[in-house]
file model.txt (compact mmCIF, C-alpha atoms)
# COMPACT_ATOMS: atom_id res chain seq x y z
CA MET A 1 25.05 -4.33 5.28
CA ALA A 2 26.51 -1.64 7.53
CA ARG A 3 27.19 -4.19 10.25
CA ASP A 4 29.74 -6.18 8.23
CA MET A 5 31.51 -3.25 6.59
CA SER A 6 34.78 -1.73 7.75
CA ASP A 7 34.74 1.89 8.94
CA ILE A 8 36.50 3.07 5.81
CA ASP A 9 34.07 1.23 3.50
CA ILE A 10 31.14 2.77 5.35
CA LEU A 11 32.68 6.22 4.90
CA LYS A 12 33.23 5.57 1.18
CA MET A 13 29.60 4.45 0.81
CA GLU A 14 28.43 7.62 2.61
CA LEU A 15 30.63 9.76 0.38
CA GLU A 16 29.28 8.20 -2.83
CA GLN A 17 25.75 8.91 -1.64
CA LEU A 18 26.51 12.50 -0.58
CA LYS A 19 28.05 13.21 -4.01
CA LYS A 20 24.76 12.13 -5.62
CA GLU A 21 22.62 14.09 -3.20
CA VAL A 22 24.46 17.37 -3.69
CA SER A 23 22.92 17.68 -7.17
CA THR A 24 19.33 16.83 -6.11
CA PRO A 25 16.98 19.32 -7.84
CA ARG A 26 15.30 21.47 -5.17
CA GLU A 27 12.16 23.57 -5.58
CA PRO A 28 11.39 26.65 -3.47
CA VAL A 29 9.56 25.95 -0.20
CA SER A 30 7.06 28.70 -1.06
CA LYS A 31 5.95 26.75 -4.12
CA THR A 32 5.92 23.26 -2.60
CA SER A 33 4.27 24.24 0.68
CA LYS A 34 1.54 26.13 -1.19
CA GLU A 35 0.88 23.02 -3.31
CA THR A 36 0.74 20.82 -0.21
CA MET A 37 -1.60 23.27 1.50
CA ASP A 38 -3.89 23.56 -1.54
CA TRP A 39 -4.01 19.78 -2.02
CA CYS A 40 -4.80 19.29 1.67
CA GLU A 41 -7.52 21.93 1.79
CA ALA A 42 -9.17 20.58 -1.34
CA ALA A 43 -9.20 17.05 0.09
CA SER A 44 -10.26 17.91 3.69
CA GLY A 45 -13.87 18.40 2.62
CA THR A 46 -14.20 14.65 2.04
CA ASP A 47 -11.92 13.55 4.86
CA LEU A 48 -14.33 11.60 7.05
CA LEU A 49 -12.16 11.79 10.17
CA ILE A 50 -12.48 15.61 9.97
CA THR A 51 -16.06 16.01 8.77
CA GLY A 52 -17.31 13.13 10.86
CA VAL A 53 -19.53 10.33 9.58
CA PRO A 54 -23.28 10.81 10.07
CA ASP A 55 -24.72 8.02 12.26
CA ASP A 56 -26.97 6.65 9.53
CA LYS A 57 -24.02 6.35 7.13
CA ASN A 58 -21.55 4.96 9.64
CA PRO A 59 -21.11 1.21 9.15
CA TYR A 60 -19.44 1.04 12.57
CA LYS A 61 -22.28 2.60 14.48
CA PRO A 62 -24.94 0.14 15.66
CA GLU A 63 -28.34 0.73 14.09
CA LYS A 64 -30.84 2.67 16.14
CA GLY A 65 -33.39 0.73 18.07
CA GLY A 66 -31.59 -2.55 18.49
CA CYS A 67 -28.50 -4.57 17.88
CA ILE A 68 -27.75 -7.65 15.87
CA ILE A 69 -27.18 -10.73 17.96
CA THR A 70 -25.36 -13.50 16.14
CA MET B 71 44.50 6.86 9.21
CA GLY B 72 45.19 9.76 6.86
CA GLU B 73 42.71 8.44 4.32
CA MET B 74 39.86 8.31 6.88
CA GLU B 75 40.56 11.95 7.84
CA GLU B 76 40.47 13.02 4.19
CA LEU B 77 37.26 11.12 3.49
CA ARG B 78 35.61 12.62 6.59
CA LYS B 79 36.58 16.11 5.52
CA GLU B 80 35.16 15.50 2.07
CA ALA B 81 31.92 14.14 3.57
CA ASP B 82 31.56 17.14 5.91
CA ASN B 83 32.18 19.48 3.00
CA LEU B 84 29.45 17.82 0.93
CA LYS B 85 27.05 17.91 3.91
CA ASP B 86 27.69 21.66 4.23
CA GLN B 87 27.01 22.11 0.51
CA ILE B 88 23.71 20.26 0.85
CA THR B 89 22.74 22.38 3.89
CA GLU B 90 23.50 25.52 1.89
CA ALA B 91 21.55 24.35 -1.17
CA ARG B 92 18.56 23.61 1.08
CA LYS B 93 18.77 27.08 2.63
CA VAL B 94 18.83 28.70 -0.80
CA VAL B 95 15.35 27.36 -1.64
CA GLN B 96 13.96 28.06 1.82
CA ASP B 97 12.28 31.31 0.80
CA THR B 98 9.56 30.81 3.41
CA THR B 99 8.47 28.32 6.07
CA LEU B 100 5.34 26.17 6.18
CA GLN B 101 4.31 28.11 9.29
CA GLU B 102 4.34 31.38 7.34
CA ALA B 103 2.63 29.81 4.34
CA VAL B 104 -0.30 28.59 6.48
CA ALA B 105 -0.58 31.70 8.64
CA GLY B 106 -3.94 32.51 7.05
CA THR B 107 -5.33 28.99 7.42
CA THR B 108 -7.79 28.25 10.22
CA LEU B 109 -6.96 25.49 12.65
CA VAL B 110 -9.00 22.34 12.10
CA GLY B 111 -11.76 22.02 14.71
CA ARG B 112 -11.30 19.74 17.71
CA VAL B 113 -11.34 16.12 16.53
CA GLN B 114 -13.20 13.75 18.81
CA LEU B 115 -13.24 10.17 17.66
CA LYS B 116 -15.03 7.41 19.52
CA THR B 117 -14.15 3.77 19.88
CA ARG B 118 -16.69 2.00 17.69
CA LYS B 119 -15.32 -1.55 17.94
CA THR B 120 -12.84 -3.39 20.13
CA LEU B 121 -11.21 -6.40 18.51
CA ARG B 122 -10.54 -8.96 21.23
CA GLY B 123 -8.73 -12.22 20.72
CA HIS B 124 -5.00 -11.78 20.93
CA LEU B 125 -3.42 -13.08 24.14
CA ALA B 126 -0.29 -10.96 24.19
CA LYS B 127 1.14 -7.65 22.98
CA ILE B 128 0.08 -6.56 19.51
CA TYR B 129 3.07 -5.32 17.51
CA ALA B 130 1.59 -4.48 14.13
CA MET B 131 -1.57 -4.05 12.10
CA HIS B 132 -2.32 -3.25 8.47
CA TRP B 133 -5.59 -2.46 6.71
CA GLY B 134 -6.48 -4.26 3.50
CA THR B 135 -7.05 -2.08 0.41
CA ASP B 136 -10.65 -1.05 -0.38
CA THR B 137 -11.98 -3.20 2.41
CA LYS B 138 -12.94 -3.26 6.05
CA LEU B 139 -10.62 -6.23 6.68
CA CYS B 140 -7.33 -5.79 8.50
CA VAL B 141 -4.55 -8.06 9.74
CA SER B 142 -2.82 -7.87 13.14
CA ALA B 143 0.25 -9.59 14.55
CA SER B 144 0.86 -10.44 18.18
CA GLN B 145 3.60 -12.09 20.17
CA ASP B 146 1.04 -14.68 21.17
CA GLY B 147 2.26 -16.19 17.88
CA LYS B 148 -0.80 -15.43 15.79
CA LEU B 149 -1.75 -13.37 12.76
CA ILE B 150 -5.45 -12.56 12.83
CA VAL B 151 -7.43 -11.25 9.85
CA TRP B 152 -10.41 -9.33 11.22
CA ASP B 153 -13.67 -8.18 9.69
CA THR B 154 -13.73 -4.85 11.51
CA LEU B 155 -17.45 -4.32 10.88
CA THR B 156 -18.56 -7.50 12.66
CA THR B 157 -15.38 -7.98 14.80
CA ASN B 158 -15.30 -11.57 13.51
CA LYS B 159 -11.98 -13.31 12.96
CA VAL B 160 -11.83 -14.27 9.31
CA ASN B 161 -8.52 -16.13 9.77
CA ALA B 162 -6.42 -16.98 12.82
CA ILE B 163 -3.02 -18.04 11.53
CA PRO B 164 -0.57 -19.76 13.91
CA LEU B 165 3.02 -18.69 13.30
CA LYS B 166 6.19 -20.79 13.47
CA SER B 167 7.94 -18.00 15.34
CA SER B 168 5.98 -16.01 17.91
CA TRP B 169 8.50 -13.16 17.91
CA VAL B 170 6.66 -11.25 15.24
CA MET B 171 7.28 -7.52 14.75
CA THR B 172 5.42 -6.67 11.56
CA CYS B 173 2.60 -7.73 9.27
CA ALA B 174 1.21 -6.63 5.92
CA TYR B 175 -1.88 -7.17 3.77
CA ALA B 176 -1.37 -7.49 0.01
CA PRO B 177 -3.35 -4.90 -2.01
CA SER B 178 -5.12 -7.78 -3.80
CA GLY B 179 -6.33 -9.22 -0.50
CA ASN B 180 -4.91 -12.61 -1.49
CA MET B 181 -1.96 -12.72 0.87
CA VAL B 182 -0.61 -11.52 4.19
CA ALA B 183 3.00 -11.43 5.34
CA CYS B 184 4.79 -11.20 8.66
CA GLY B 185 8.22 -11.46 10.24
CA GLY B 186 10.30 -10.56 13.26
CA LEU B 187 13.16 -12.00 15.28
CA ASP B 188 13.32 -15.01 12.98
CA ASN B 189 14.92 -12.63 10.40
CA MET B 190 12.50 -13.95 7.78
CA CYS B 191 9.45 -12.66 5.95
CA SER B 192 6.77 -15.37 5.74
CA ILE B 193 4.10 -15.04 3.06
CA TYR B 194 0.70 -16.69 3.64
CA ASN B 195 -1.83 -17.44 0.90
CA LEU B 196 -5.31 -16.59 2.19
CA LYS B 197 -7.09 -17.94 -0.86
CA GLY B 198 -5.73 -21.48 -1.03
CA LYS B 199 -7.87 -24.07 -2.81
CA ASP B 200 -8.79 -26.15 0.23
CA GLY B 201 -9.55 -23.11 2.34
CA ASN B 202 -6.56 -23.63 4.65
CA VAL B 203 -4.14 -20.79 5.09
CA LYS B 204 -0.61 -22.01 4.53
CA VAL B 205 2.88 -20.54 4.33
CA MET B 206 3.55 -19.88 0.68
CA ARG B 207 7.13 -18.60 0.91
CA GLU B 208 9.71 -17.94 3.56
CA LEU B 209 11.95 -15.10 2.43
CA ALA B 210 15.28 -15.54 4.16
CA ALA B 211 18.41 -13.44 3.56
CA HIS B 212 18.33 -10.68 6.16
CA THR B 213 20.92 -11.05 8.90
CA GLY B 214 18.86 -9.08 11.38
CA TYR B 215 15.25 -8.89 12.61
CA LEU B 216 12.45 -8.04 10.21
CA SER B 217 11.04 -4.67 11.36
CA CYS B 218 8.57 -3.96 8.55
CA CYS B 219 7.25 -5.35 5.27
CA ARG B 220 4.96 -4.00 2.56
CA PHE B 221 3.61 -5.69 -0.59
CA LEU B 222 3.98 -3.96 -3.97
CA SER B 223 1.81 -6.67 -5.55
CA ASP B 224 1.21 -10.41 -5.22
CA SER B 225 4.65 -10.99 -6.70
CA GLU B 226 6.83 -8.40 -4.95
CA ILE B 227 7.35 -7.32 -1.35
CA ILE B 228 9.77 -4.91 0.33
CA THR B 229 11.20 -5.61 3.78
CA SER B 230 13.24 -3.54 6.25
CA SER B 231 15.59 -5.08 8.78
CA GLY B 232 17.73 -4.64 11.86
CA ASP B 233 20.66 -5.53 9.57
CA CYS B 234 20.45 -1.91 8.26
CA THR B 235 19.16 -2.84 4.82
CA CYS B 236 15.87 -3.07 2.95
CA ILE B 237 15.23 -5.76 0.34
CA LEU B 238 12.90 -6.02 -2.66
CA TRP B 239 11.88 -9.68 -3.07
CA ASP B 240 10.46 -11.77 -5.91
CA ILE B 241 7.83 -13.77 -4.02
CA GLU B 242 7.47 -16.39 -6.76
CA THR B 243 11.13 -17.45 -6.63
CA GLY B 244 11.66 -16.43 -3.02
CA THR B 245 14.82 -14.52 -3.93
CA GLU B 246 16.22 -11.01 -3.42
CA LYS B 247 15.79 -8.72 -6.46
CA THR B 248 17.44 -5.66 -4.93
CA ILE B 249 19.25 -4.87 -1.69
CA PHE B 250 18.97 -1.25 -0.56
CA ALA B 251 22.00 -0.49 1.60
CA GLY B 252 22.97 2.89 2.99
CA HIS B 253 21.47 3.27 6.45
CA LEU B 254 23.99 3.17 9.28
CA GLY B 255 21.58 1.85 11.87
CA ASP B 256 18.73 -0.68 12.17
CA CYS B 257 15.94 0.04 9.67
CA MET B 258 12.76 0.29 11.74
CA SER B 259 10.00 1.13 9.31
CA LEU B 260 9.15 1.54 5.65
CA ALA B 261 6.33 2.94 3.51
CA VAL B 262 5.59 2.69 -0.22
CA SER B 263 4.67 5.76 -2.29
CA PRO B 264 1.09 6.00 -3.62
CA ASP B 265 2.39 5.39 -7.18
CA PHE B 266 4.44 2.37 -6.03
CA LYS B 267 7.63 3.75 -7.65
CA MET B 268 9.43 4.77 -4.46
CA PHE B 269 9.63 3.79 -0.85
CA ILE B 270 10.94 5.47 2.29
CA SER B 271 12.72 3.94 5.25
CA GLY B 272 13.31 5.24 8.79
CA ALA B 273 16.24 3.99 10.83
CA CYS B 274 18.17 4.06 14.10
CA ASP B 275 20.76 6.30 12.44
CA PHE B 276 18.12 9.04 12.94
CA THR B 277 17.61 9.50 9.17
CA ALA B 278 14.88 8.75 6.65
CA LYS B 279 15.83 7.72 3.10
CA LEU B 280 13.84 7.91 -0.12
CA TRP B 281 14.59 5.00 -2.50
CA ASP B 282 13.82 4.59 -6.20
CA ILE B 283 12.61 0.99 -6.44
CA ARG B 284 13.46 0.28 -10.10
CA GLU B 285 16.71 2.25 -10.26
CA ALA B 286 17.73 0.67 -6.95
CA THR B 287 19.21 3.92 -5.63
CA CYS B 288 18.79 6.18 -2.64
CA ARG B 289 17.49 9.51 -3.98
CA GLN B 290 17.36 11.64 -0.84
CA THR B 291 18.31 11.48 2.86
CA PHE B 292 16.54 13.48 5.57
CA SER B 293 18.06 14.21 8.97
CA GLY B 294 17.00 16.32 11.93
CA HIS B 295 15.68 13.76 14.38
CA GLU B 296 17.67 13.33 17.56
CA SER B 297 16.89 9.68 18.05
CA ASP B 298 15.68 6.50 16.31
CA ILE B 299 12.93 6.90 13.73
CA ASN B 300 10.32 4.25 14.60
CA ALA B 301 7.54 5.15 12.20
CA ILE B 302 7.32 6.55 8.71
CA GLY B 303 4.63 7.30 6.15
CA PHE B 304 3.96 9.18 2.94
CA PHE B 305 1.79 12.27 2.87
CA PRO B 306 -1.21 11.10 0.77
CA ASN B 307 -0.18 12.97 -2.42
CA GLY B 308 3.25 11.34 -2.33
CA ASN B 309 5.16 14.63 -2.20
CA ALA B 310 6.12 14.60 1.45
CA VAL B 311 7.26 12.19 4.13
CA ILE B 312 6.17 12.00 7.78
CA THR B 313 8.43 10.47 10.44
CA GLY B 314 7.94 9.61 14.11
CA SER B 315 10.85 9.21 16.51
CA ASP B 316 12.02 8.26 19.99
CA ASP B 317 12.90 11.96 20.34
CA ALA B 318 9.14 12.51 21.00
CA THR B 319 8.55 14.43 17.77
CA CYS B 320 7.13 13.82 14.33
CA LYS B 321 8.48 15.67 11.32
CA LEU B 322 7.20 16.51 7.85
CA TYR B 323 9.84 16.50 5.08
CA ASP B 324 9.04 17.90 1.63
CA LEU B 325 10.48 15.75 -1.17
CA ARG B 326 10.68 18.45 -3.83
CA ALA B 327 12.24 21.09 -1.57
CA ASP B 328 14.41 18.33 -0.08
CA GLN B 329 14.02 19.54 3.51
CA GLU B 330 12.11 19.49 6.74
CA LEU B 331 8.96 21.65 6.65
CA ILE B 332 7.79 21.36 10.23
CA THR B 333 8.12 19.48 13.54
CA TYR B 334 5.16 18.23 15.56
CA GLN B 335 6.15 18.60 19.18
CA ASP B 336 4.84 19.75 22.50
CA SER B 337 6.75 20.40 25.72
CA GLY B 338 4.24 18.17 27.46
CA ILE B 339 5.11 15.17 25.31
CA MET B 340 8.28 13.47 26.41
CA CYS B 341 7.87 9.92 25.22
CA GLY B 342 8.68 8.27 21.93
CA VAL B 343 6.43 8.01 18.88
CA THR B 344 5.76 4.37 18.01
CA SER B 345 3.49 4.62 14.99
CA LEU B 346 1.77 7.11 12.70
CA ALA B 347 -0.85 7.43 9.99
CA PRO B 348 -2.13 10.43 8.05
CA SER B 349 -5.85 10.88 7.42
CA LEU B 350 -7.04 10.65 3.80
CA SER B 351 -6.53 14.36 3.05
CA GLY B 352 -3.27 14.52 4.97
CA ARG B 353 -4.73 17.29 7.10
CA LEU B 354 -4.65 15.14 10.24
CA LEU B 355 -1.67 13.21 11.55
CA LEU B 356 -2.53 10.46 14.00
CA ALA B 357 0.51 9.39 16.01
CA GLY B 358 0.78 6.67 18.67
CA TYR B 359 3.08 7.26 21.65
CA ASP B 360 4.71 5.25 24.43
CA ASP B 361 2.41 6.94 26.99
CA PHE B 362 -0.56 4.82 25.78
CA ASN B 363 -2.17 7.69 23.81
CA VAL B 364 -2.65 8.68 20.21
CA ASN B 365 -2.28 12.40 19.54
CA ILE B 366 -4.07 13.92 16.57
CA TRP B 367 -2.22 16.83 14.96
CA ASP B 368 -3.37 19.43 12.44
CA MET B 369 -0.58 18.70 9.95
CA LEU B 370 -0.50 22.20 8.46
CA LYS B 371 -0.70 24.22 11.69
CA ALA B 372 1.33 21.74 13.77
CA GLU B 373 -1.03 21.92 16.73
CA ARG B 374 -2.72 19.09 18.61
CA VAL B 375 -6.43 18.92 17.89
CA GLY B 376 -7.38 15.68 19.58
CA VAL B 377 -6.37 12.66 21.63
CA LEU B 378 -7.43 9.03 21.44
CA ALA B 379 -7.24 7.62 24.93
CA GLY B 380 -8.50 4.15 25.44
CA HIS B 381 -5.63 1.71 25.60
CA ASP B 382 -4.08 0.44 28.83
CA ASN B 383 -0.62 0.08 27.40
CA ARG B 384 1.64 1.40 24.62
CA VAL B 385 -0.05 2.02 21.25
CA SER B 386 2.24 0.06 18.95
CA CYS B 387 0.51 0.45 15.60
CA ILE B 388 -2.05 2.60 13.87
CA GLY B 389 -3.65 2.72 10.43
CA VAL B 390 -6.35 4.61 8.56
CA SER B 391 -8.63 2.58 6.28
CA SER B 392 -8.25 3.21 2.55
CA ASP B 393 -11.56 5.11 2.33
CA GLY B 394 -10.48 7.28 5.25
CA MET B 395 -13.55 6.36 7.23
CA ALA B 396 -11.94 4.78 10.26
CA CYS B 397 -8.72 4.53 12.17
CA CYS B 398 -7.47 1.34 13.85
CA THR B 399 -5.09 1.30 16.82
CA GLY B 400 -3.27 -1.77 18.15
CA SER B 401 -1.70 -1.95 21.57
CA TRP B 402 0.50 -3.89 23.95
CA ASP B 403 -2.72 -4.30 25.98
CA SER B 404 -3.64 -7.00 23.36
CA PHE B 405 -6.62 -5.13 21.90
CA LEU B 406 -7.28 -3.35 18.64
CA LYS B 407 -9.76 -0.51 18.55
CA ILE B 408 -11.63 1.02 15.62
CA TRP B 409 -12.33 4.74 15.89
CA ASN B 410 -14.25 7.33 13.92
call {"tool": "encode", "arguments": {"input": "model.txt", "output": "structure tokens"}}
result
Amino acid sequence: MARDMSDIDILKMELEQLKKEVSTPREPVSKTSKETMDWCEAASGTDLLITGVPDDKNPYKPEKGGCIIT
Amino acid sequence: MGEMEELRKEADNLKDQITEARKVVQDTTLQEAVAGTTLVGRVQLKTRKTLRGHLAKIYAMHWGTDTKLCVSASQDGKLIVWDTLTTNKVNAIPLKSSWVMTCAYAPSGNMVACGGLDNMCSIYNLKGKDGNVKVMRELAAHTGYLSCCRFLSDSEIITSSGDCTCILWDIETGTEKTIFAGHLGDCMSLAVSPDFKMFISGACDFTAKLWDIREATCRQTFSGHESDINAIGFFPNGNAVITGSDDATCKLYDLRADQELITYQDSGIMCGVTSLAPSLSGRLLLAGYDDFNVNIWDMLKAERVGVLAGHDNRVSCIGVSSDGMACCTGSWDSFLKIWN
């Protein structure tokens, strides 16, 4: 818990973490951003907030010609 | 203080090495990569339902999995489980402590959890034998407020706290399995990866951290924000992280390139981001702000493509249903709204 630790202990904890993170494997942005883009584009066709939900298939839209009174 | 000086130098040196290593793989930017992509058309969502019933500010909401039920938490001291289709209240659960800051729905639908200034995470069984909803467990160990909680299953939950740590709990025994320490400021938000193997946390030290749940280690740390990170989420394929901050921006960090890909900002937006949720495909980012609005961003092109205006006070929480069909916003004006 950072609150209870002394300044020097916090620094040592940070250092330990940085040493680990230096050797994180990193892939080129060109490759990863292309994959993100492709995944996104493939999935947008069925993303209902983008395509919109037709009224007759929208469970949130009240049915035409009346409303249910409970 | 010679040792402190030495340690600081070593830390700065390592930070420089990491910055260099990140630059080496930055052979392009997301902006360049999407130059040929068309901007998503203007997104206009309408309020389909207004969920009325809370008597004070709503601080959190969470959709159930594969369902149109959601749970909300308000400082009126109640957790309400709503059927969003009918707007009926399925459960109205009175809380011991009204200072609630977060709530969560278990993927099974069997439980909900909440917590706040009581420093505890309370688990409620919705499917008790006699039909009454009762506290099942009170998870106490954090020495600061509970800012967020998310179930991994009916037997495990992860919490984030103002004490700068996150904890993985065994709900059955009510004990801490793992304490994730490393943040230097209050942890404000957390999100679990789609494969349930990792989670991310955003904190008041302006960083986001990716944690390996089983190995109990911090894998990666992302900086760049200039103020507290209030909201965090995974890009739907689990390969990127989205953050929202008091610095009025949202950022997208790529996990495999280990760096920031893009910032969602506009000179006209000067207030903090309180909450965020990606749409099912990740193409849209819905973000709630202190100025009572939700801005909808095209996540690839980093341009605003819509606004949800309808609340009379800060939008404190937002969520997209698991089938991507609707978005729910919760506000300090005490109402929740369903949009699509």
call {"tool": "interface_residues", "arguments": {"input": "model.txt", "of": "chain A", "to": "chain B", "cutoff": "7 Å", "atoms": "only C-alpha atoms", "output": "count of residues only"}}
result
28
call {"tool": "closest_residue", "arguments": {"input": "model.txt", "among": "B:Asp275, B:Asp240, B:Asp188, B:Asp153", "to": "Arg122 in chain B", "atoms": "only C-alpha atoms"}}
result
B:Asp153
call {"tool": "atom_distance", "arguments": {"input": "model.txt", "atom1": "CA of Leu238 in chain B", "atom2": "CA of Lys197 in chain B"}}
result
23.3 Å
call {"tool": "closest_residue", "arguments": {"input": "model.txt", "among": "B:Asp282, B:Leu109, B:Asp316, B:Ser225", "to": "Trp367 in chain B", "atoms": "all atoms listed in the file"}}
result
B:Leu109
call {"tool": "residues_around", "arguments": {"input": "model.txt", "residues": "Asp361 in chain B", "least_positions_apart": "2", "cutoff": "12 Å", "atoms": "all atoms listed in the file", "output": "count of residues only"}}
result
27
call {"tool": "residues_around", "arguments": {"input": "model.txt", "residues": "Thr319 in chain B", "least_positions_apart": "6", "cutoff": "7 Å", "atoms": "all atoms listed in the file", "output": "PyMOL selection string"}}
result
chain B and resi 333-335+343
call {"tool": "build_atoms", "arguments": {"input": "model.txt", "residues": "range 362-383 of chain B", "atoms": "N, CA and C atoms", "output": "PDB file, keeping the file's coordinate frame"}}
result
ATOM      1  N   PHE B 362       0.717   5.503  25.974  1.00  0.00           N
ATOM      2  CA  PHE B 362      -0.560   4.820  25.780  1.00  0.00           C
ATOM      3  C   PHE B 362      -1.579   5.638  24.970  1.00  0.00           C
ATOM      4  N   ASN B 363      -1.227   6.858  24.568  1.00  0.00           N
ATOM      5  CA  ASN B 363      -2.170   7.690  23.810  1.00  0.00           C
ATOM      6  C   ASN B 363      -1.849   7.811  22.340  1.00  0.00           C
ATOM      7  N   VAL B 364      -2.869   8.278  21.600  1.00  0.00           N
ATOM      8  CA  VAL B 364      -2.650   8.680  20.210  1.00  0.00           C
ATOM      9  C   VAL B 364      -2.947  10.178  20.196  1.00  0.00           C
ATOM     10  N   ASN B 365      -2.021  10.977  19.695  1.00  0.00           N
ATOM     11  CA  ASN B 365      -2.280  12.400  19.540  1.00  0.00           C
ATOM     12  C   ASN B 365      -2.654  12.679  18.101  1.00  0.00           C
ATOM     13  N   ILE B 366      -3.653  13.547  17.924  1.00  0.00           N
ATOM     14  CA  ILE B 366      -4.070  13.920  16.570  1.00  0.00           C
ATOM     15  C   ILE B 366      -3.594  15.344  16.318  1.00  0.00           C
ATOM     16  N   TRP B 367      -2.804  15.527  15.282  1.00  0.00           N
ATOM     17  CA  TRP B 367      -2.220  16.830  14.960  1.00  0.00           C
ATOM     18  C   TRP B 367      -2.854  17.405  13.701  1.00  0.00           C
ATOM     19  N   ASP B 368      -3.026  18.726  13.673  1.00  0.00           N
ATOM     20  CA  ASP B 368      -3.370  19.430  12.440  1.00  0.00           C
ATOM     21  C   ASP B 368      -2.031  19.521  11.715  1.00  0.00           C
ATOM     22  N   MET B 369      -1.881  18.797  10.609  1.00  0.00           N
ATOM     23  CA  MET B 369      -0.580  18.700   9.950  1.00  0.00           C
ATOM     24  C   MET B 369      -0.070  20.006   9.388  1.00  0.00           C
ATOM     25  N   LEU B 370      -0.977  20.926   9.023  1.00  0.00           N
ATOM     26  CA  LEU B 370      -0.500  22.200   8.460  1.00  0.00           C
ATOM     27  C   LEU B 370      -0.123  23.179   9.569  1.00  0.00           C
ATOM     28  N   LYS B 371      -0.939  23.245  10.628  1.00  0.00           N
ATOM     29  CA  LYS B 371      -0.700  24.220  11.690  1.00  0.00           C
ATOM     30  C   LYS B 371       0.197  23.686  12.805  1.00  0.00           C
ATOM     31  N   ALA B 372       0.464  22.373  12.766  1.00  0.00           N
ATOM     32  CA  ALA B 372       1.330  21.740  13.770  1.00  0.00           C
ATOM     33  C   ALA B 372       0.832  21.934  15.196  1.00  0.00           C
ATOM     34  N   GLU B 373      -0.488  21.848  15.383  1.00  0.00           N
ATOM     35  CA  GLU B 373      -1.030  21.920  16.730  1.00  0.00           C
ATOM     36  C   GLU B 373      -1.883  20.688  16.986  1.00  0.00           C
ATOM     37  N   ARG B 374      -1.915  20.275  18.258  1.00  0.00           N
ATOM     38  CA  ARG B 374      -2.720  19.090  18.610  1.00  0.00           C
ATOM     39  C   ARG B 374      -4.184  19.458  18.599  1.00  0.00           C
ATOM     40  N   VAL B 375      -4.992  18.630  17.951  1.00  0.00           N
ATOM     41  CA  VAL B 375      -6.430  18.920  17.890  1.00  0.00           C
ATOM     42  C   VAL B 375      -7.258  17.772  18.456  1.00  0.00           C
ATOM     43  N   GLY B 376      -6.601  16.770  19.003  1.00  0.00           N
ATOM     44  CA  GLY B 376      -7.380  15.680  19.580  1.00  0.00           C
ATOM     45  C   GLY B 376      -6.485  14.623  20.189  1.00  0.00           C
ATOM     46  N   VAL B 377      -7.085  13.771  20.998  1.00  0.00           N
ATOM     47  CA  VAL B 377      -6.370  12.660  21.630  1.00  0.00           C
ATOM     48  C   VAL B 377      -7.259  11.428  21.586  1.00  0.00           C
ATOM     49  N   LEU B 378      -6.674  10.281  21.326  1.00  0.00           N
ATOM     50  CA  LEU B 378      -7.430   9.030  21.440  1.00  0.00           C
ATOM     51  C   LEU B 378      -6.874   8.332  22.666  1.00  0.00           C
ATOM     52  N   ALA B 379      -7.702   8.285  23.715  1.00  0.00           N
ATOM     53  CA  ALA B 379      -7.240   7.620  24.930  1.00  0.00           C
ATOM     54  C   ALA B 379      -8.159   6.439  25.162  1.00  0.00           C
ATOM     55  N   GLY B 380      -7.598   5.282  25.256  1.00  0.00           N
ATOM     56  CA  GLY B 380      -8.500   4.150  25.440  1.00  0.00           C
ATOM     57  C   GLY B 380      -7.734   2.863  25.665  1.00  0.00           C
ATOM     58  N   HIS B 381      -6.429   2.922  25.385  1.00  0.00           N
ATOM     59  CA  HIS B 381      -5.630   1.710  25.600  1.00  0.00           C
ATOM     60  C   HIS B 381      -4.965   1.745  26.963  1.00  0.00           C
ATOM     61  N   ASP B 382      -4.709   0.540  27.507  1.00  0.00           N
ATOM     62  CA  ASP B 382      -4.080   0.440  28.830  1.00  0.00           C
ATOM     63  C   ASP B 382      -2.604   0.147  28.744  1.00  0.00           C
ATOM     64  N   ASN B 383      -2.063   0.273  27.552  1.00  0.00           N
ATOM     65  CA  ASN B 383      -0.620   0.080  27.400  1.00  0.00           C
ATOM     66  C   ASN B 383      -0.202   0.789  26.111  1.00  0.00           C
TER      67      ASN B 383
END
